[in-house]
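Q: This is work_32.tsv, which holds TSV, C-alpha atoms and all ligand atoms:
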chain	number	residue	atom	x	y	z
R	122	MET	CA	10.57	24.63	22.61
R	123	SER	CA	14.03	23.68	21.44
R	124	GLU	CA	13.80	20.14	20.03
R	125	HIS	CA	12.22	19.56	16.65
R	126	LEU	CA	9.92	16.67	17.57
R	127	THR	CA	7.92	15.76	20.68
R	128	VAL	CA	6.16	12.39	20.90
R	129	VAL	CA	3.48	12.56	23.60
R	130	ASP	CA	3.69	9.22	25.40
R	131	HIS	CA	0.91	9.94	27.92
R	132	PRO	CA	-0.99	6.67	28.60
R	133	LEU	CA	-4.37	8.21	27.69
R	134	VAL	CA	-3.00	9.41	24.35
R	135	GLN	CA	-1.49	6.02	23.58
R	136	HIS	CA	-4.67	4.15	24.58
R	137	LYS	CA	-6.90	6.36	22.45
R	138	LEU	CA	-4.49	6.11	19.52
R	139	THR	CA	-4.66	2.31	19.62
R	140	LEU	CA	-8.45	2.50	19.43
R	141	MET	CA	-8.16	4.86	16.44
R	142	ARG	CA	-5.72	2.59	14.61
R	143	ASP	CA	-8.02	-0.42	14.96
R	144	LYS	CA	-9.84	-0.86	11.65
R	145	GLY	CA	-12.97	-2.01	13.47
R	146	THR	CA	-13.47	1.40	15.12
R	147	SER	CA	-16.59	3.19	13.82
R	148	THR	CA	-16.58	6.59	12.14
R	149	ALA	CA	-18.35	8.14	15.13
R	150	SER	CA	-15.83	6.74	17.61
R	151	PHE	CA	-12.89	7.67	15.39
R	152	ARG	CA	-14.09	11.29	15.26
R	153	GLN	CA	-14.71	11.45	19.01
R	154	LEU	CA	-11.30	9.91	19.80
R	155	LEU	CA	-9.56	12.34	17.46
R	156	ARG	CA	-11.20	15.23	19.27
R	157	GLU	CA	-10.15	13.87	22.68
R	158	ILE	CA	-6.59	13.05	21.67
R	159	THR	CA	-6.17	16.45	20.01
R	160	LEU	CA	-7.16	18.15	23.23
R	161	LEU	CA	-4.43	16.25	25.07
R	162	LEU	CA	-1.86	17.02	22.36
R	163	ALA	CA	-2.90	20.68	22.38
R	164	TYR	CA	-2.22	20.77	26.11
R	165	GLU	CA	1.35	19.72	25.30
R	166	ILE	CA	1.92	22.05	22.35
R	167	THR	CA	0.74	25.10	24.34
R	168	ARG	CA	2.91	24.20	27.34
R	169	GLU	CA	5.36	27.04	26.78
R	170	MET	CA	2.93	29.84	26.01
R	171	PRO	CA	4.27	32.93	27.78
R	172	LEU	CA	2.63	34.01	31.05
R	173	THR	CA	2.40	37.34	32.78
R	174	THR	CA	0.58	38.19	36.01
R	175	ARG	CA	-2.53	40.16	36.88
R	176	ALA	CA	-3.54	41.60	40.24
R	177	ILE	CA	-6.76	39.93	41.43
R	178	GLU	CA	-8.60	39.49	44.70
R	179	THR	CA	-9.48	36.02	45.87
R	180	PRO	CA	-12.16	35.83	48.60
R	181	MET	CA	-9.20	35.68	51.00
R	182	GLU	CA	-6.71	38.32	49.85
R	183	GLU	CA	-5.07	40.12	46.95
R	184	MET	CA	-2.59	38.27	44.77
R	185	GLU	CA	-0.57	38.58	41.57
R	186	ALA	CA	-1.95	35.63	39.58
R	187	PRO	CA	-0.54	34.09	36.38
R	188	ILE	CA	-2.37	34.75	33.14
R	189	LEU	CA	-1.52	34.22	29.45
R	190	ALA	CA	0.68	37.03	28.15
R	191	GLY	CA	-1.53	38.20	25.35
R	192	LYS	CA	0.05	36.38	22.42
R	193	LYS	CA	-2.99	35.31	20.48
R	194	LEU	CA	-3.39	31.94	18.90
R	195	ALA	CA	-4.20	31.07	15.30
R	196	LEU	CA	-5.11	27.53	14.33
R	197	VAL	CA	-4.60	26.56	10.72
R	198	SER	CA	-6.20	23.41	9.38
R	199	ILE	CA	-4.77	21.67	6.34
R	200	LEU	CA	-7.86	20.54	4.42
R	201	ARG	CA	-9.61	18.30	4.76
R	202	ALA	CA	-8.35	15.99	7.51
R	203	GLY	CA	-7.05	18.88	9.64
R	204	ASN	CA	-10.66	19.89	10.30
R	205	GLY	CA	-11.08	16.82	12.51
R	206	MET	CA	-8.54	18.30	14.92
R	207	LEU	CA	-10.00	21.81	15.19
R	208	ASP	CA	-12.63	21.12	17.83
R	209	GLY	CA	-10.15	19.48	20.21
R	210	VAL	CA	-7.88	22.54	20.22
R	211	LEU	CA	-10.80	24.98	20.31
R	212	GLU	CA	-12.17	23.27	23.41
R	213	LEU	CA	-8.93	24.21	25.16
R	214	VAL	CA	-8.43	27.65	23.55
R	215	PRO	CA	-11.93	28.83	22.55
R	216	SER	CA	-10.80	32.31	21.48
R	217	ALA	CA	-8.31	31.06	18.87
R	218	ARG	CA	-8.75	32.38	15.34
R	219	VAL	CA	-8.97	29.73	12.62
R	220	GLY	CA	-7.53	29.56	9.11
R	221	PHE	CA	-7.61	26.98	6.31
R	222	VAL	CA	-5.10	25.87	3.71
R	223	GLY	CA	-6.16	23.64	0.81
R	224	LEU	CA	-3.51	21.90	-1.30
R	225	TYR	CA	-3.69	19.19	-3.92
R	226	ARG	CA	-0.91	17.25	-5.58
R	227	ASP	CA	-0.23	17.99	-9.24
R	228	GLU	CA	0.03	14.50	-10.74
R	229	GLU	CA	2.63	15.62	-13.32
R	230	THR	CA	5.01	17.64	-11.16
R	231	LEU	CA	4.01	15.79	-7.93
R	232	LYS	CA	4.23	19.19	-6.23
R	233	PRO	CA	1.52	20.57	-3.91
R	234	VAL	CA	-0.66	23.24	-5.51
R	235	GLN	CA	-2.72	25.69	-3.45
R	236	TYR	CA	-6.50	25.77	-4.09
R	237	TYR	CA	-7.63	27.55	-0.92
R	238	PHE	CA	-5.97	29.92	1.52
R	239	LYS	CA	-7.83	31.92	4.13
R	240	VAL	CA	-6.07	32.85	7.37
R	241	PRO	CA	-6.64	35.34	10.22
R	242	GLU	CA	-5.04	38.78	10.07
R	243	GLY	CA	-1.94	39.63	12.09
R	244	LEU	CA	-0.27	36.24	11.80
R	245	ASP	CA	3.07	37.90	12.64
R	246	ASP	CA	1.71	38.59	16.13
R	247	ARG	CA	0.31	35.13	16.82
R	248	LEU	CA	1.40	31.67	17.81
R	249	VAL	CA	0.30	29.65	14.77
R	250	ILE	CA	-0.59	25.98	15.30
R	251	VAL	CA	-0.96	24.03	12.07
R	252	VAL	CA	-3.11	20.91	12.39
R	253	ASP	CA	-3.07	17.86	10.12
R	254	PRO	CA	-3.47	14.34	11.57
R	255	MET	CA	-0.99	12.60	9.25
R	256	LEU	CA	2.55	13.88	8.64
R	257	ALA	CA	3.39	11.48	5.80
R	258	THR	CA	5.77	12.69	3.02
R	259	GLY	CA	5.78	16.15	4.61
R	260	ASN	CA	5.41	17.80	1.19
R	261	SER	CA	2.02	19.40	1.81
R	262	SER	CA	2.95	20.29	5.40
R	263	ALA	CA	6.15	22.01	4.24
R	264	ALA	CA	4.23	23.81	1.49
R	265	ALA	CA	1.52	24.95	3.95
R	266	VAL	CA	4.18	26.32	6.30
R	267	ASP	CA	5.84	28.11	3.33
R	268	LEU	CA	2.53	29.85	2.60
R	269	LEU	CA	2.02	30.80	6.24
R	270	LYS	CA	5.52	32.25	6.49
R	271	LYS	CA	4.86	34.27	3.32
R	272	ALA	CA	1.69	35.55	5.03
R	273	GLY	CA	3.83	36.78	7.95
R	274	ALA	CA	3.78	33.91	10.48
R	275	ASN	CA	7.03	33.63	12.43
R	276	ASP	CA	6.11	31.39	15.39
R	277	ILE	CA	4.68	28.17	13.96
R	278	ARG	CA	4.12	24.75	15.53
R	279	PHE	CA	2.81	21.63	13.84
R	280	LEU	CA	0.33	19.33	15.55
R	281	CYS	CA	-0.34	15.87	14.15
R	282	LEU	CA	-1.58	12.50	15.31
R	283	LEU	CA	0.92	10.28	13.48
R	284	ALA	CA	4.24	11.10	11.87
R	285	ALA	CA	6.44	9.10	9.47
R	286	PRO	CA	10.22	9.48	9.74
R	287	GLU	CA	10.24	10.70	6.11
R	288	GLY	CA	7.81	13.52	6.92
R	289	VAL	CA	9.70	14.57	10.03
R	290	ALA	CA	12.96	14.69	8.03
R	291	ARG	CA	11.34	16.71	5.23
R	292	MET	CA	9.94	19.24	7.72
R	293	LYS	CA	13.25	19.45	9.56
R	294	GLU	CA	15.06	20.22	6.32
R	295	ALA	CA	12.49	22.78	5.08
R	296	HIS	CA	11.46	24.34	8.40
R	297	PRO	CA	13.87	23.55	11.26
R	298	ASP	CA	12.21	26.28	13.34
R	299	VAL	CA	8.81	24.52	13.38
R	300	HIS	CA	8.36	22.25	16.38
R	301	ILE	CA	6.29	19.12	15.70
R	302	VAL	CA	4.11	17.49	18.37
R	303	THR	CA	2.67	14.04	17.63
R	304	ALA	CA	1.15	11.05	19.41
R	305	ALA	CA	3.46	8.55	17.62
R	306	LEU	CA	6.37	8.28	15.23
R	307	ASP	CA	5.55	5.29	13.03
R	308	ARG	CA	7.91	2.98	11.09
R	309	GLU	CA	7.83	4.19	7.48
R	310	LEU	CA	5.79	5.17	4.44
R	311	ASN	CA	4.63	2.50	2.03
R	312	SER	CA	5.01	2.86	-1.77
R	313	LYS	CA	1.69	4.76	-1.96
R	314	GLY	CA	2.70	7.29	0.69
R	315	TYR	CA	0.64	5.76	3.52
R	316	ILE	CA	2.04	5.64	7.04
R	317	MET	CA	2.84	2.11	8.31
R	318	PRO	CA	1.42	0.72	10.55
R	319	GLY	CA	-0.63	3.92	10.56
R	320	LEU	CA	-4.41	4.03	10.64
R	321	GLY	CA	-5.31	4.23	6.96
R	322	ASP	CA	-6.78	7.34	5.34
R	323	ALA	CA	-7.56	9.71	8.19
R	324	GLY	CA	-10.00	11.82	6.13
R	325	ASP	CA	-11.97	8.80	4.97
R	326	ARG	CA	-12.09	7.35	8.46
R	327	MET	CA	-13.28	10.56	10.14
R	328	PHE	CA	-15.79	11.56	7.47
R	329	GLY	CA	-16.95	8.04	6.52
R	330	THR	CA	-16.14	8.52	2.84
R	331	LYS	CA	-14.95	4.98	2.25
K	401	LIG	N1	-2.71	10.53	4.77
K	401	LIG	C1	-3.52	9.65	5.43
K	401	LIG	O1	-4.70	9.93	5.64
K	401	LIG	N2	-3.00	8.46	5.81
K	401	LIG	C2	-1.70	8.14	5.62
K	401	LIG	O2	-1.28	7.06	6.03
K	401	LIG	C3	-0.88	9.07	4.94
K	401	LIG	C4	-1.41	10.25	4.53
Write out the structure in this file as structure tokens.

A:
Amino acid sequence: MSEHLTVVDHPLVQHKLTLMRDKGTSTASFRQLLREITLLLAYEITREMPLTTRAIETPMEEMEAPILAGKKLALVSILRAGNGMLDGVLELVPSARVGFVGLYRDEETLKPVQYYFKVPEGLDDRLVIVVDPMLATGNSSAAAVDLLKKAGANDIRFLCLLAAPEGVARMKEAHPDVHIVTAALDRELNSKGYIMPGLGDAGDRMFGTK
């Protein structure tokens, strides 16, 4: 993947995203839609996984058939909202290993601080897909990618539902090698760091905490 950002404009993705944005959508529907949309986005982000071939026999004859070329996948969820995207990707790639990164914002320095980090072994040998529904300021995303690179990851992609231009710019500056796939690029961040028009707090909406 050469460009830095892909916006998936598939009609099903856009339709489901509209339902998710609507403030009247229930927690149960929000969660289900996030799972479905993530599956469609995951289809896009894995589009260029390398293939090889394997000799098989169909009931008709022998053939050299395409098969994934062994590069294993690691999914890394940025807590807590990233967890809502795990099932959608795992439905498509059930054998993926899963890691978690927890970060909070220090209210004095405003910098992200790590409170949890547990990732699969052999990250240097894997395609790493980081999931977090909202790419807002990009600070925690950039920090999570920093940590993953320190842990050896060298082929990282970022999967989100909504991105703000500020977050995309921050990621491009910090990690130009990390391709971002999203369902929409929204207008801007508001003064509290929320994406506009956005969908509100993704964690609260998927877990029903507000
Ligand atoms: N995180 C969210 O959940 N929503 C936003 O709009 C921005 C960050």

Q: Using all atoms listed in the file, collect all residues at a distance of at most 12 Å from (-6.3, 3.0, 14.0) as written in the file, then present them as a VMD selection string.

A: chain R and resid 135 to 148 150 to 152 154 to 155 254 to 255 282 to 283 305 316 to 323 326 to 327

Q: Excluding Asp208 (chain R) and its own-chain neighbours fewer than 3 positions away, which residues fall within 10 Å of it when counting only C-alpha atoms? Please give them as a PyMOL selection string.

A: chain R and resi 153+155-157+159-160+204-205+211-215

Q: Please report as JSON lines every residue of region 174-265 of chain R lying within 12 Å of region 294-297 of chain R, along with the nearest atom pair and their distance in Å (one decimal), using all atoms listed in the file.

A:
{"residue": "R:Gly259", "atom": "CA", "partner": "R:Ala295", "partner_atom": "CA", "distance": 9.4}
{"residue": "R:Asn260", "atom": "CA", "partner": "R:Ala295", "partner_atom": "CA", "distance": 9.5}
{"residue": "R:Ser261", "atom": "CA", "partner": "R:Ala295", "partner_atom": "CA", "distance": 11.5}
{"residue": "R:Ser262", "atom": "CA", "partner": "R:Ala295", "partner_atom": "CA", "distance": 9.9}
{"residue": "R:Ala263", "atom": "CA", "partner": "R:Ala295", "partner_atom": "CA", "distance": 6.4}
{"residue": "R:Ala264", "atom": "CA", "partner": "R:Ala295", "partner_atom": "CA", "distance": 9.1}
{"residue": "R:Ala265", "atom": "CA", "partner": "R:His296", "partner_atom": "CA", "distance": 10.9}

Q: Just to confirm, what's the straight-line distance from CA of Arg168 (chain R) to CA of Ser216 (chain R) in Å (one decimal)?

A: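 Interatomic distance, CA of Arg168 (chain R) to CA of Ser216 (chain R): 17.0 Å.
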
Q: Which of these, R:Lys331, R:His131, R:Lys232, R:Lys293, has the shortest distance to ligand LIG 401 (chain K) once you count only C-alpha atoms and all ligand atoms?

A: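 Distance minimum relative to ligand LIG 401 (chain K) lands on R:Lys331.
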
Q: Let me make sure I understand: among R:Ile277, R:Leu162, R:Leu194, R:Ala202, which one has the smallest atom-to-atom distance to Pro241 (chain R) if we use all atoms listed in the file?

A: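 Nearest to Pro241 (chain R): R:Leu194.
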
Q: Could you pull the residues within 8 Å of Phe238 (chain R), counting all atoms listed in the file, minus those fewer than 3 positions along the same chain, as a PyMOL selection string?

A: chain R and resi 220-223+235

Q: Those residues you just picked out, can you put them in a file as a PDB file, keeping the file's coordinate frame with C-alpha atoms?

A:
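Saved the output as selection_35.pdb:
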ATOM      1  CA  GLY R 220      -7.530  29.560   9.110  1.00  0.00           C
ATOM      2  CA  PHE R 221      -7.610  26.980   6.310  1.00  0.00           C
ATOM      3  CA  VAL R 222      -5.100  25.870   3.710  1.00  0.00           C
ATOM      4  CA  GLY R 223      -6.160  23.640   0.810  1.00  0.00           C
ATOM      5  CA  GLN R 235      -2.720  25.690  -3.450  1.00  0.00           C
TER       6      GLN R 235
END

Q: To one decimal place, how far is CA of Lys270 (chain R) from atom N1 of ligand LIG 401 (chain K) in Å?

A: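 If I compute the distance from CA of Lys270 (chain R) to atom N1 of ligand LIG 401 (chain K), I get 23.3 Å.
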
Q: One decimal, Å: what's the distance from CA of His300 (chain R) over to CA of Asp245 (chain R), could you say?

A: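 The value is 16.9 Å.
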
Q: Nearest residue to ligand LIG 401 (chain K) out of R:Ala274, R:Val266, R:Val289, R:Ala257, using all atoms listed in the file?

A: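 With all atoms listed in the file as the atom set, the closest residue is R:Ala257.
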
Q: Neighbouring residues of Arg247 (chain R) were defined as those with any atom within 7 Å, considering all atoms listed in the file; residues of the same chain fewer than 2 positions away were excluded. Please report them as a PyMOL selection string.

A: chain R and resi 192-195+243-245+249

Q: Step by step, gather every atom of ligand LIG 401 (chain K) that the file lists, find the box along x, y and z that holds them, add 4 Å on each side, and finally give centre and edge lengths in Å to one decimal, as AutoDock Vina command-line options.

A:
--center_x -2.8 --center_y 8.8 --center_z 5.3 --size_x 11.8 --size_y 11.5 --size_z 9.5

Q: For Val252 (chain R), which residue among R:Arg218, R:Pro233, R:Val197, R:Met170 is the nearest when counting all atoms listed in the file?

A: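 Answer, going by the shortest atom-to-atom distance: R:Val197.
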
Q: Taking (8.2, 9.2, 5.3) in the file's own coordinates, collect the residues within 8 Å, counting all atoms listed in the file, and hand them back as a list in words.

A: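 Taken together, the residues in range are Ala257, Thr258, Gly259, Ala284, Ala285, Pro286, Glu287, Gly288, Val289, Ala290, Glu309, Leu310, Gly314 and Ile316 of chain R.
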
Q: Go through R:Ile199, R:Leu126, R:Ala272, R:Leu231 one by one, measure the shortest atom-to-atom distance of each to ligand LIG 401 (chain K) using all atoms listed in the file, and give the residue with the smallest value.

A: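 Going through R:Ile199, R:Leu126, R:Ala272, R:Leu231 one by one, the smallest distance to ligand LIG 401 (chain K) is for R:Ile199.
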
Q: Restore N, CA, C and O atoms in region 296-311 of chain R and list the result as a compact mmCIF listing (two decimals), in the coordinates of the input.

A:
# COMPACT_ATOMS: atom_id res chain seq x y z
N HIS R 296 11.87 23.38 7.36
CA HIS R 296 11.46 24.34 8.40
C HIS R 296 11.99 23.89 9.77
O HIS R 296 11.21 23.44 10.63
N PRO R 297 13.30 24.01 9.98
CA PRO R 297 13.87 23.55 11.26
C PRO R 297 13.34 24.31 12.47
O PRO R 297 13.45 23.83 13.60
N ASP R 298 12.74 25.47 12.23
CA ASP R 298 12.21 26.28 13.34
C ASP R 298 10.82 25.82 13.78
O ASP R 298 10.30 26.32 14.79
N VAL R 299 10.20 24.91 13.06
CA VAL R 299 8.81 24.52 13.38
C VAL R 299 8.82 23.24 14.22
O VAL R 299 9.21 22.17 13.76
N HIS R 300 8.40 23.39 15.46
CA HIS R 300 8.36 22.25 16.38
C HIS R 300 7.14 21.37 16.06
O HIS R 300 6.04 21.89 15.87
N ILE R 301 7.37 20.06 16.02
CA ILE R 301 6.29 19.12 15.70
C ILE R 301 5.90 18.37 16.99
O ILE R 301 6.77 17.87 17.70
N VAL R 302 4.60 18.30 17.25
CA VAL R 302 4.11 17.49 18.37
C VAL R 302 3.20 16.42 17.78
O VAL R 302 2.31 16.71 16.97
N THR R 303 3.43 15.17 18.17
CA THR R 303 2.67 14.04 17.63
C THR R 303 2.41 12.99 18.71
O THR R 303 3.10 12.97 19.74
N ALA R 304 1.42 12.13 18.45
CA ALA R 304 1.15 11.05 19.41
C ALA R 304 2.05 9.84 19.14
O ALA R 304 2.26 9.02 20.03
N ALA R 305 2.57 9.69 17.91
CA ALA R 305 3.46 8.55 17.62
C ALA R 305 4.29 8.82 16.37
O ALA R 305 3.84 9.50 15.44
N LEU R 306 5.50 8.28 16.40
CA LEU R 306 6.37 8.28 15.23
C LEU R 306 6.36 6.85 14.69
O LEU R 306 6.91 5.94 15.33
N ASP R 307 5.71 6.64 13.56
CA ASP R 307 5.55 5.29 13.03
C ASP R 307 6.79 4.84 12.25
O ASP R 307 7.77 5.58 12.14
N ARG R 308 6.72 3.61 11.66
CA ARG R 308 7.91 2.98 11.09
C ARG R 308 8.37 3.62 9.79
O ARG R 308 9.53 3.96 9.62
N GLU R 309 7.42 3.77 8.83
CA GLU R 309 7.83 4.19 7.48
C GLU R 309 6.59 4.50 6.64
O GLU R 309 5.46 4.25 7.05
N LEU R 310 6.85 5.01 5.43
CA LEU R 310 5.79 5.17 4.44
C LEU R 310 5.80 3.96 3.53
O LEU R 310 6.88 3.42 3.23
N ASN R 311 4.63 3.56 3.04
CA ASN R 311 4.63 2.50 2.03
C ASN R 311 4.77 3.14 0.64
O ASN R 311 4.91 4.37 0.52
